[in-house]
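Structure file model.txt with compact mmCIF, C-alpha atoms and all ligand atoms:
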# COMPACT_ATOMS: atom_id res chain seq x y z
CA MET A 1 62.03 -20.53 -120.19
CA SER A 2 62.41 -19.50 -123.82
CA LEU A 3 60.00 -16.95 -125.26
CA LEU A 4 60.53 -18.44 -128.73
CA GLU A 5 61.59 -21.98 -129.44
CA ILE A 6 61.92 -23.31 -132.95
CA ARG A 7 62.39 -27.05 -133.38
CA SER A 8 63.43 -28.75 -136.63
CA LEU A 9 61.41 -26.25 -138.66
CA LYS A 10 60.78 -26.82 -142.35
CA ALA A 11 58.90 -24.51 -144.71
CA ALA A 12 58.16 -24.49 -148.43
CA TYR A 13 56.68 -22.43 -151.25
CA GLY A 14 54.36 -24.97 -152.89
CA SER A 15 56.54 -27.98 -153.51
CA VAL A 16 59.80 -25.99 -153.31
CA PRO A 17 61.44 -26.22 -149.88
CA ALA A 18 62.94 -22.99 -148.49
CA LEU A 19 63.72 -23.92 -144.88
CA HIS A 20 65.20 -27.37 -144.31
CA GLN A 21 66.18 -27.35 -140.66
CA VAL A 22 65.89 -24.45 -138.26
CA ASP A 23 66.56 -24.82 -134.55
CA MET A 24 66.76 -21.76 -132.38
CA THR A 25 65.78 -20.50 -128.95
CA VAL A 26 65.28 -16.94 -127.81
CA ALA A 27 65.01 -15.95 -124.15
CA PRO A 28 62.76 -13.09 -122.98
CA GLY A 29 64.47 -9.72 -123.42
CA GLU A 30 67.18 -11.01 -125.76
CA VAL A 31 68.18 -9.48 -129.08
CA VAL A 32 69.04 -12.39 -131.36
CA GLY A 33 70.48 -11.91 -134.83
CA VAL A 34 70.28 -14.20 -137.86
CA LEU A 35 72.97 -13.51 -140.41
CA GLY A 36 72.91 -14.85 -143.96
CA HIS A 37 73.51 -14.06 -147.62
CA ASN A 38 70.74 -13.29 -150.12
CA GLY A 39 68.26 -16.09 -150.66
CA MET A 40 69.33 -18.18 -147.66
CA GLY A 41 65.91 -18.13 -146.01
CA LYS A 42 65.97 -15.15 -143.62
CA THR A 43 62.69 -13.61 -144.78
CA THR A 44 61.05 -17.03 -145.03
CA LEU A 45 61.99 -17.75 -141.42
CA LEU A 46 60.39 -14.54 -140.10
CA ARG A 47 57.31 -15.01 -142.28
CA ALA A 48 56.96 -18.61 -141.07
CA ILE A 49 57.11 -17.44 -137.44
CA MET A 50 54.43 -14.82 -138.17
CA GLY A 51 52.24 -17.34 -140.04
CA PHE A 52 52.53 -16.04 -143.61
CA VAL A 53 54.50 -19.01 -144.93
CA LYS A 54 53.38 -22.63 -144.72
CA VAL A 55 55.32 -24.74 -142.26
CA THR A 56 55.85 -28.28 -143.51
CA GLY A 57 57.60 -29.79 -140.50
CA GLY A 58 58.79 -29.13 -136.98
CA ASP A 59 57.24 -26.67 -134.58
CA ILE A 60 57.37 -23.07 -133.33
CA LEU A 61 56.57 -22.44 -129.68
CA PHE A 62 55.82 -18.94 -128.42
CA ASP A 63 55.82 -18.59 -124.66
CA GLY A 64 55.55 -22.37 -124.41
CA THR A 65 52.54 -22.73 -126.74
CA SER A 66 52.73 -24.20 -130.24
CA LEU A 67 51.72 -21.77 -132.98
CA LYS A 68 50.52 -24.65 -135.18
CA GLY A 69 47.22 -23.80 -136.82
CA GLN A 70 47.22 -20.20 -135.54
CA ALA A 71 46.39 -17.51 -138.09
CA VAL A 72 48.50 -14.36 -138.45
CA ASN A 73 46.11 -12.17 -136.45
CA ALA A 74 46.03 -14.67 -133.58
CA ARG A 75 49.83 -14.59 -133.51
CA ALA A 76 49.75 -10.79 -133.51
CA ARG A 77 47.30 -10.86 -130.58
CA ALA A 78 49.60 -13.25 -128.74
CA GLY A 79 52.37 -10.64 -129.01
CA LEU A 80 54.25 -11.25 -132.25
CA GLY A 81 55.02 -8.29 -134.51
CA LEU A 82 56.79 -8.22 -137.90
CA VAL A 83 58.55 -5.25 -139.49
CA PRO A 84 58.71 -6.54 -143.06
CA GLN A 85 61.47 -6.21 -145.60
CA GLY A 86 60.85 -3.13 -147.74
CA ARG A 87 59.02 -1.51 -144.79
CA MET A 88 55.55 -1.64 -146.39
CA ILE A 89 54.29 1.60 -144.94
CA PHE A 90 51.23 3.25 -146.55
CA PRO A 91 52.66 5.89 -148.91
CA THR A 92 49.48 7.95 -149.30
CA LEU A 93 48.68 8.07 -145.58
CA SER A 94 50.33 10.52 -143.21
CA VAL A 95 52.86 9.37 -140.63
CA ARG A 96 50.16 9.79 -137.95
CA GLU A 97 47.68 7.68 -139.97
CA ASN A 98 50.33 5.02 -140.55
CA LEU A 99 50.89 4.86 -136.80
CA GLU A 100 47.13 4.74 -136.13
CA SER A 101 46.84 1.78 -138.50
CA GLY A 102 49.14 -0.14 -136.16
CA ILE A 103 47.03 0.43 -133.06
CA ALA A 104 44.82 -2.48 -132.13
CA GLY A 105 41.42 -2.22 -130.45
CA GLN A 106 39.96 0.68 -128.58
CA ARG A 107 43.12 2.03 -126.96
CA ASP A 108 43.64 5.79 -126.70
CA ARG A 109 45.35 6.45 -130.01
CA ASP A 110 46.87 9.82 -129.18
CA GLN A 111 48.34 8.48 -125.98
CA VAL A 112 49.80 5.39 -127.67
CA ILE A 113 51.35 7.55 -130.40
CA GLU A 114 52.76 10.01 -127.88
CA GLU A 115 54.35 7.19 -125.91
CA ILE A 116 55.90 5.58 -128.99
CA LEU A 117 57.19 8.89 -130.33
CA THR A 118 59.42 9.40 -127.30
CA LEU A 119 61.67 6.82 -128.97
CA PHE A 120 61.36 8.44 -132.41
CA PRO A 121 61.96 12.21 -132.11
CA ARG A 122 62.57 12.46 -135.86
CA LEU A 123 59.03 11.23 -136.59
CA THR A 124 57.47 13.80 -134.28
CA ARG A 125 58.38 16.52 -136.77
CA LEU A 126 56.99 14.50 -139.66
CA LEU A 127 53.60 13.47 -138.27
CA GLU A 128 51.49 15.19 -140.93
CA ARG A 129 53.73 14.29 -143.87
CA ASN A 130 52.74 11.44 -146.21
CA GLY A 131 54.63 8.18 -145.70
CA GLY A 132 55.68 8.17 -149.37
CA ALA A 133 57.43 11.55 -148.94
CA LEU A 134 59.81 10.21 -146.28
CA SER A 135 63.35 9.04 -146.95
CA GLY A 136 64.03 5.29 -146.83
CA GLY A 137 65.51 5.62 -143.35
CA GLU A 138 62.57 7.65 -142.08
CA GLN A 139 60.20 5.05 -143.54
CA GLN A 140 62.12 2.36 -141.66
CA LEU A 141 61.74 4.31 -138.41
CA LEU A 142 58.01 4.63 -139.18
CA ALA A 143 57.72 0.88 -139.84
CA LEU A 144 59.40 0.18 -136.48
CA ALA A 145 57.18 2.69 -134.67
CA ARG A 146 54.02 1.30 -136.30
CA CYS A 147 54.91 -2.22 -135.20
CA LEU A 148 55.56 -0.98 -131.65
CA CYS A 149 52.08 0.62 -131.52
CA ARG A 150 50.72 -2.91 -130.98
CA LYS A 151 53.05 -3.41 -128.05
CA PRO A 152 54.52 -6.69 -129.29
CA ARG A 153 56.42 -8.92 -126.87
CA LEU A 154 58.54 -10.29 -129.73
CA MET A 155 59.46 -8.04 -132.64
CA LEU A 156 60.72 -9.67 -135.86
CA LEU A 157 62.86 -7.32 -137.95
CA ASP A 158 63.56 -8.10 -141.61
CA GLU A 159 66.72 -6.37 -142.87
CA PRO A 160 66.09 -2.91 -141.40
CA THR A 161 69.26 -1.49 -142.98
CA GLU A 162 68.49 -2.55 -146.55
CA GLY A 163 68.90 0.39 -148.94
CA ILE A 164 69.33 2.95 -146.14
CA GLN A 165 71.87 5.77 -145.73
CA PRO A 166 74.62 5.05 -143.17
CA SER A 167 73.70 8.07 -141.00
CA ILE A 168 70.17 6.78 -140.48
CA ILE A 169 71.42 3.22 -139.96
CA ASP A 170 73.21 4.53 -136.86
CA GLU A 171 70.01 6.20 -135.69
CA ILE A 172 68.04 2.97 -136.20
CA ALA A 173 70.68 1.05 -134.21
CA GLU A 174 70.54 3.59 -131.37
CA THR A 175 66.73 3.49 -131.32
CA LEU A 176 66.72 -0.31 -131.11
CA GLN A 177 69.37 -0.27 -128.37
CA GLN A 178 67.34 2.21 -126.38
CA LEU A 179 64.17 0.17 -126.92
CA SER A 180 65.88 -3.01 -125.77
CA ARG A 181 67.36 -1.31 -122.69
CA SER A 182 64.22 0.53 -121.63
CA THR A 183 61.57 -2.20 -122.17
CA ASP A 184 61.33 -5.98 -121.81
CA ILE A 185 60.81 -6.48 -125.57
CA THR A 186 62.49 -9.42 -127.30
CA ILE A 187 63.89 -8.93 -130.80
CA VAL A 188 64.82 -11.31 -133.61
CA LEU A 189 66.69 -9.49 -136.34
CA VAL A 190 67.69 -10.89 -139.76
CA GLU A 191 70.39 -9.04 -141.65
CA GLN A 192 73.26 -9.12 -144.08
CA ASN A 193 74.88 -6.06 -142.47
CA LEU A 194 77.60 -7.50 -140.26
CA GLU A 195 78.41 -4.39 -138.27
CA PHE A 196 74.75 -3.62 -137.53
CA ILE A 197 73.84 -7.14 -136.46
CA THR A 198 76.88 -7.74 -134.31
CA GLY A 199 76.54 -4.31 -132.68
CA LEU A 200 72.97 -4.98 -131.59
CA SER A 201 72.67 -8.68 -130.91
CA ASP A 202 73.32 -10.66 -127.74
CA ARG A 203 73.76 -13.77 -129.90
CA VAL A 204 73.97 -14.37 -133.64
CA TYR A 205 72.94 -17.46 -135.59
CA ALA A 206 74.10 -18.19 -139.12
CA ILE A 207 71.63 -19.31 -141.79
CA SER A 208 72.75 -21.00 -144.95
CA ASN A 209 70.56 -22.65 -147.61
CA GLY A 210 67.57 -22.90 -145.30
CA VAL A 211 69.58 -24.49 -142.47
CA LEU A 212 70.03 -22.65 -139.17
CA ASP A 213 71.82 -24.62 -136.52
CA ARG A 214 75.09 -22.77 -135.89
CA GLN A 215 75.83 -19.82 -133.64
CA ILE A 216 78.73 -17.51 -134.13
CA PRO A 217 80.84 -17.82 -130.96
CA LYS A 218 80.19 -14.85 -128.69
CA ASP A 219 83.86 -13.97 -128.30
CA GLN A 220 84.10 -13.59 -132.08
CA LEU A 221 81.11 -11.24 -132.46
CA THR A 222 83.22 -8.11 -132.14
CA ASP A 223 85.75 -9.37 -134.69
CA SER A 224 84.25 -8.75 -138.13
CA GLY A 225 87.06 -10.70 -139.81
CA ALA A 226 86.30 -13.78 -137.71
CA VAL A 227 82.54 -13.44 -138.35
CA SER A 228 83.14 -13.11 -142.10
CA ALA A 229 85.31 -16.20 -142.05
CA PHE A 230 82.71 -18.11 -140.01
CA MET A 231 80.02 -17.20 -142.53
CA GLY A 232 82.21 -17.91 -145.54
CA PHE A 233 81.82 -14.23 -146.60
CA ALA A 234 84.46 -13.03 -149.03
CA ALA A 235 87.10 -10.91 -147.25
N1 LIG A 301 57.17 -16.36 -152.84
C1 LIG A 301 58.12 -17.26 -153.12
N2 LIG A 301 57.87 -18.29 -153.98
C2 LIG A 301 58.82 -19.20 -154.27
N3 LIG A 301 60.08 -19.20 -153.75
C3 LIG A 301 60.38 -18.21 -152.90
C4 LIG A 301 59.44 -17.19 -152.54
N4 LIG A 301 60.04 -16.33 -151.69
C5 LIG A 301 61.31 -16.79 -151.51
N5 LIG A 301 61.51 -17.92 -152.24
C6 LIG A 301 62.74 -18.70 -152.28
O1 LIG A 301 63.03 -19.18 -150.98
C7 LIG A 301 64.43 -19.08 -150.71
C8 LIG A 301 64.67 -18.21 -149.48
O2 LIG A 301 64.27 -16.87 -149.77
P1 LIG A 301 64.21 -15.72 -148.67
O3 LIG A 301 63.53 -14.55 -149.28
O4 LIG A 301 63.68 -16.27 -147.41
O5 LIG A 301 65.77 -15.42 -148.47
P2 LIG A 301 66.50 -14.20 -147.75
O6 LIG A 301 67.63 -14.82 -147.00
O7 LIG A 301 65.51 -13.41 -146.98
O8 LIG A 301 67.05 -13.37 -148.98
P3 LIG A 301 67.17 -11.78 -149.20
O9 LIG A 301 68.29 -11.34 -148.33
O10 LIG A 301 67.49 -11.69 -150.66
O11 LIG A 301 65.86 -11.17 -148.85
C9 LIG A 301 65.09 -18.52 -151.98
O12 LIG A 301 65.56 -19.61 -152.73
C10 LIG A 301 63.93 -17.85 -152.69
O13 LIG A 301 64.11 -17.85 -154.08

So, in terms of structure tokens, how does the structure I just supplied come out?
Ligand SMILES: Nc1ncnc2c1ncn2[C@@H]1O[C@H](COP(=O)(O)OP(=O)(O)OP(=O)(O)O)[C@@H](O)[C@H]1O
Amino acid sequence: MSLLEIRSLKAAYGSVPALHQVDMTVAPGEVVGVLGHNGMGKTTLLRAIMGFVKVTGGDILFDGTSLKGQAVNARARAGLGLVPQGRMIFPTLSVRENLESGIAGQRDRDQVIEEILTLFPRLTRLLERNGGALSGGEQQLLALARCLCRKPRLMLLDEPTEGIQPSIIDEIAETLQQLSRSTDITIVLVEQNLEFITGLSDRVYAISNGVLDRQIPKDQLTDSGAVSAFMGFAA
């Protein structure tokens, strides 16, 4: 069974439609990419799944249950986690406090943080530093780690490479690969970075003008020229 199933989804900002038709399925444990240019609806899709954007048609099923009418915190409790575009960490809180803010309920905070940090050795050295004093790449690692503190079953990642140095992009890719290999987490990743998305994803969908109904053929995923041509990206 699919962990996430999206059927004929439509979403709008007021009276302005942003998603016209989105159909996708994600199996447990998969890493699924959504590739698209600026303004095509990638962020809107993730925010609609999480419950931040109003859905005007269609349905989203998580683990077989419709998310219709469920508030953001109910979706988070069900196991959805979003790492937003721009990272949105707390700049005046320390790395440790940022991580603590991601921990739900009465769980043993130190133990949760220790567990998560095994995936993020770079953050271990930075625990007492303020979030705002980290580089963009370090902030992205922190945003990922904070999301993981809630132990999501499905993690939604919004352009994790945006504005980040290539050396840390590689580290983020390795961290996500390790996470995917060592746990049963499911990931939906939206990106414009071809190399990053094709390197990480089991399957990649294309989104264009709020329509997502095409997948890039698997045998073409390793051929960036073919993917660019499929997407209509300039060579
Ligand atoms: N808060 C908003 N109010 C009105 N329109 C919005 C809002 N946010 C996004 N839009 C519009 O919805 C469409 C999809 O935007 P979205 O941010 O989802 O695209 P994106 O693919 O994530 O782009 P980017 O890569 O630039 O982040 C665009 O036409 C955008 O202008």

TODO: Excluding Gln178 of chain A and any residue of its chain fewer than 6 positions from it, enumerate the residues within 12 Å of it, using all atoms listed in the file, and give them as a PyMOL selection string.
DONE: chain A and resi 118-120+171-172+184-185+200

Write out as a short mmCIF file (atom, residue, chain, number, x, y, z; two decimals) with C-alpha atoms, in the coordinates of the input the residues lying within 6 Å of segment 121-136 of chain A, counting all atoms listed in the file and excluding same-chain residues fewer than 6 positions away.
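File written: selection-v9.cif
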data_model
loop_
_atom_site.label_atom_id
_atom_site.label_comp_id
_atom_site.auth_asym_id
_atom_site.auth_seq_id
_atom_site.Cartn_x
_atom_site.Cartn_y
_atom_site.Cartn_z
CA PRO A 91 52.66 5.89 -148.91
CA THR A 92 49.48 7.95 -149.30
CA LEU A 93 48.68 8.07 -145.58
CA SER A 94 50.33 10.52 -143.21
CA VAL A 95 52.86 9.37 -140.63
CA ARG A 96 50.16 9.79 -137.95
CA ILE A 164 69.33 2.95 -146.14
#

Emit as lines of an AutoDock Vina configuration file the padded axis-aligned box for all listed atoms of ligand LIG 301 (chain A), 3 Å per side, with centre and edge lengths in Å to one decimal.
center_x = 62.7
center_y = -15.4
center_z = -150.6
size_x = 17.1
size_y = 14.4
size_z = 13.3

- [ ] Show which residues sit within 8 Å of segment 59-71 of chain A, as a ChimeraX atom specification. Count all atoms listed in the file, and ignore same-chain residues fewer than 5 positions away.
- [x] /A:1-9,49,51

Kindly export the residues of the current selection with C-alpha atoms, as a PDB file, in the coordinates of the input.
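Listed below is the output, part-v9.pdb:
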ATOM      1  CA  MET A   1      62.030 -20.530-120.190  1.00  0.00           C
ATOM      2  CA  SER A   2      62.410 -19.500-123.820  1.00  0.00           C
ATOM      3  CA  LEU A   3      60.000 -16.950-125.260  1.00  0.00           C
ATOM      4  CA  LEU A   4      60.530 -18.440-128.730  1.00  0.00           C
ATOM      5  CA  GLU A   5      61.590 -21.980-129.440  1.00  0.00           C
ATOM      6  CA  ILE A   6      61.920 -23.310-132.950  1.00  0.00           C
ATOM      7  CA  ARG A   7      62.390 -27.050-133.380  1.00  0.00           C
ATOM      8  CA  SER A   8      63.430 -28.750-136.630  1.00  0.00           C
ATOM      9  CA  LEU A   9      61.410 -26.250-138.660  1.00  0.00           C
ATOM     10  CA  ILE A  49      57.110 -17.440-137.440  1.00  0.00           C
ATOM     11  CA  GLY A  51      52.240 -17.340-140.040  1.00  0.00           C
TER      12      GLY A  51
END

With the cut-off set at 8 Å and counting only C-alpha atoms and all ligand atoms, tabulate each residue of chain A with an atom at most that distance from an atom of ligand LIG 301 (chain A), showing the nearest atom pair and its distance in Å to one decimal, ordered by chain and increasing number, as CSV.
residue,atom,partner,partner_atom,distance
A:Ala12,CA,A:LIG301,O1,7.6
A:Tyr13,CA,A:LIG301,C2,4.9
A:Gly14,CA,A:LIG301,C2,7.4
A:Val16,CA,A:LIG301,N3,6.8
A:Pro17,CA,A:LIG301,O1,7.3
A:Ala18,CA,A:LIG301,O1,4.6
A:Leu19,CA,A:LIG301,C8,7.4
A:Gly36,CA,A:LIG301,O6,6.1
A:His37,CA,A:LIG301,O9,5.9
A:Asn38,CA,A:LIG301,O9,3.6
A:Gly39,CA,A:LIG301,O5,3.4
A:Met40,CA,A:LIG301,O6,3.8
A:Gly41,CA,A:LIG301,O4,3.2
A:Lys42,CA,A:LIG301,O6,3.8
A:Thr43,CA,A:LIG301,O7,3.6
A:Thr44,CA,A:LIG301,O4,3.6
A:Leu45,CA,A:LIG301,O4,6.4
A:Gln85,CA,A:LIG301,O11,7.4
A:Asp158,CA,A:LIG301,O7,7.8
A:Glu159,CA,A:LIG301,O9,7.5
A:Val190,CA,A:LIG301,O7,8.0
A:Glu191,CA,A:LIG301,O9,7.4
A:Gln192,CA,A:LIG301,O9,6.9
A:Ile207,CA,A:LIG301,O6,8.0
A:Asn209,CA,A:LIG301,C8,7.6
A:Gly210,CA,A:LIG301,C8,6.9

Open item on the list: So that I can check the surroundings of segment 214-231 of chain A, please list as a list in words every protein, DNA and RNA residue that reaches within 10 Å of it, counting all atoms listed in the file and ignoring chain neighbours fewer than 4 positions away.
Closed with: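 Listing them by chain and then by number gives Val22, Asp23, Met24, Gly33, Val34, Leu35, Gly36, His37, Leu194, Glu195, Ile197, Thr198, Gly199, Ser201, Asp202, Arg203, Val204, Tyr205, Ala206, Ile207, Ser208 and Ala235 of chain A.
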
Open item on the list: Excluding Ile168 of chain A and its own-chain neighbours fewer than 3 positions away, which residues fall within 12 Å of it when counting only C-alpha atoms? Please give them as a VMD selection string.
Closed with: chain A and resid 122 135 to 141 160 to 165 171 to 175 196

Open item on the list: So the first atom is atom CA of Leu189 of chain A and the second is atom CA of Glu114 of chain A; what is the distance between them in Å, to one decimal place?
Closed with: 25.4 Å

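Taking atom CA of Val31 of chain A and atom CA of Val188 of chain A as the two end points, the separation is 5.9 Å.
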
Task: Between atom CA of Val32 of chain A and atom CA of Ala145 of chain A - distance in Å to one decimal - done: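 These two atoms are separated by 19.5 Å.
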
Task: For Leu148 of chain A, the nearest of the candidates A:Ile169, A:Glu97, A:Gly105, A:Gly81, counting all atoms listed in the file - done: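 Selected residue with least distance to Leu148 of chain A: A:Gly81.
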
Determine, using all atoms listed in the file, which residues of segment 10-96 of chain A have any atom at most 6 Å from an atom of segment 152-156 of chain A, and tabulate each with its shortest atom pair and distance in Å to one decimal place, rows ordered by chain and then rising number, as JSON lines.
{"residue": "A:Gly79", "atom": "CA", "partner": "A:Pro152", "partner_atom": "CA", "distance": 4.5}
{"residue": "A:Leu80", "atom": "CA", "partner": "A:Leu154", "partner_atom": "CA", "distance": 5.1}
{"residue": "A:Gly81", "atom": "CA", "partner": "A:Met155", "partner_atom": "CA", "distance": 4.8}
{"residue": "A:Leu82", "atom": "CA", "partner": "A:Leu156", "partner_atom": "CA", "distance": 4.7}

Task: Top pick for closest residue to Ile103 of chain A, considering A:Leu46, A:Ile116, A:Ala11, A:Val211 and counting only C-alpha atoms - done: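 Answer, going by the shortest atom-to-atom distance: A:Ile116.
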
Task: Minimum-distance residue to Met88 of chain A, chosen among A:Lys10, A:Arg146, A:His20, A:Lys151 (using all atoms listed in the file) - done: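 Between A:Lys10, A:Arg146, A:His20, A:Lys151, the residue approaching Met88 of chain A most closely is A:Arg146.
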
Could you add N, CA and C atoms to segment 98-113 of chain A and give me the result as a CSV table (one decimal), in the frame of the given file?
chain,number,residue,atom,x,y,z
A,98,ASN,N,49.6,6.3,-140.5
A,98,ASN,CA,50.3,5.0,-140.6
A,98,ASN,C,50.4,4.5,-139.1
A,99,LEU,N,50.8,5.3,-138.2
A,99,LEU,CA,50.9,4.9,-136.8
A,99,LEU,C,49.5,4.4,-136.3
A,100,GLU,N,48.5,5.1,-136.6
A,100,GLU,CA,47.1,4.7,-136.1
A,100,GLU,C,46.7,3.4,-136.7
A,101,SER,N,47.2,3.1,-137.9
A,101,SER,CA,46.8,1.8,-138.5
A,101,SER,C,47.5,0.6,-137.7
A,102,GLY,N,48.5,0.9,-136.9
A,102,GLY,CA,49.1,-0.1,-136.2
A,102,GLY,C,48.5,-0.3,-134.8
A,103,ILE,N,47.6,0.5,-134.4
A,103,ILE,CA,47.0,0.4,-133.1
A,103,ILE,C,45.8,-0.5,-133.0
A,104,ALA,N,45.9,-1.5,-132.2
A,104,ALA,CA,44.8,-2.5,-132.1
A,104,ALA,C,43.8,-2.0,-131.1
A,105,GLY,N,42.5,-2.4,-131.4
A,105,GLY,CA,41.4,-2.2,-130.4
A,105,GLY,C,41.1,-0.8,-130.1
A,106,GLN,N,40.6,-0.6,-128.9
A,106,GLN,CA,40.0,0.7,-128.6
A,106,GLN,C,40.9,1.6,-127.8
A,107,ARG,N,42.2,1.3,-127.8
A,107,ARG,CA,43.1,2.0,-127.0
A,107,ARG,C,43.2,3.5,-127.4
A,108,ASP,N,43.6,4.4,-126.4
A,108,ASP,CA,43.6,5.8,-126.7
A,108,ASP,C,44.8,6.1,-127.7
A,109,ARG,N,44.4,6.4,-128.9
A,109,ARG,CA,45.4,6.4,-130.0
A,109,ARG,C,46.4,7.5,-129.8
A,110,ASP,N,45.9,8.7,-129.4
A,110,ASP,CA,46.9,9.8,-129.2
A,110,ASP,C,47.9,9.5,-128.1
A,111,GLN,N,47.4,8.8,-127.1
A,111,GLN,CA,48.3,8.5,-126.0
A,111,GLN,C,49.4,7.4,-126.4
A,112,VAL,N,48.9,6.4,-127.2
A,112,VAL,CA,49.8,5.4,-127.7
A,112,VAL,C,50.9,6.0,-128.6
A,113,ILE,N,50.4,6.9,-129.5
A,113,ILE,CA,51.4,7.6,-130.4
A,113,ILE,C,52.4,8.4,-129.6
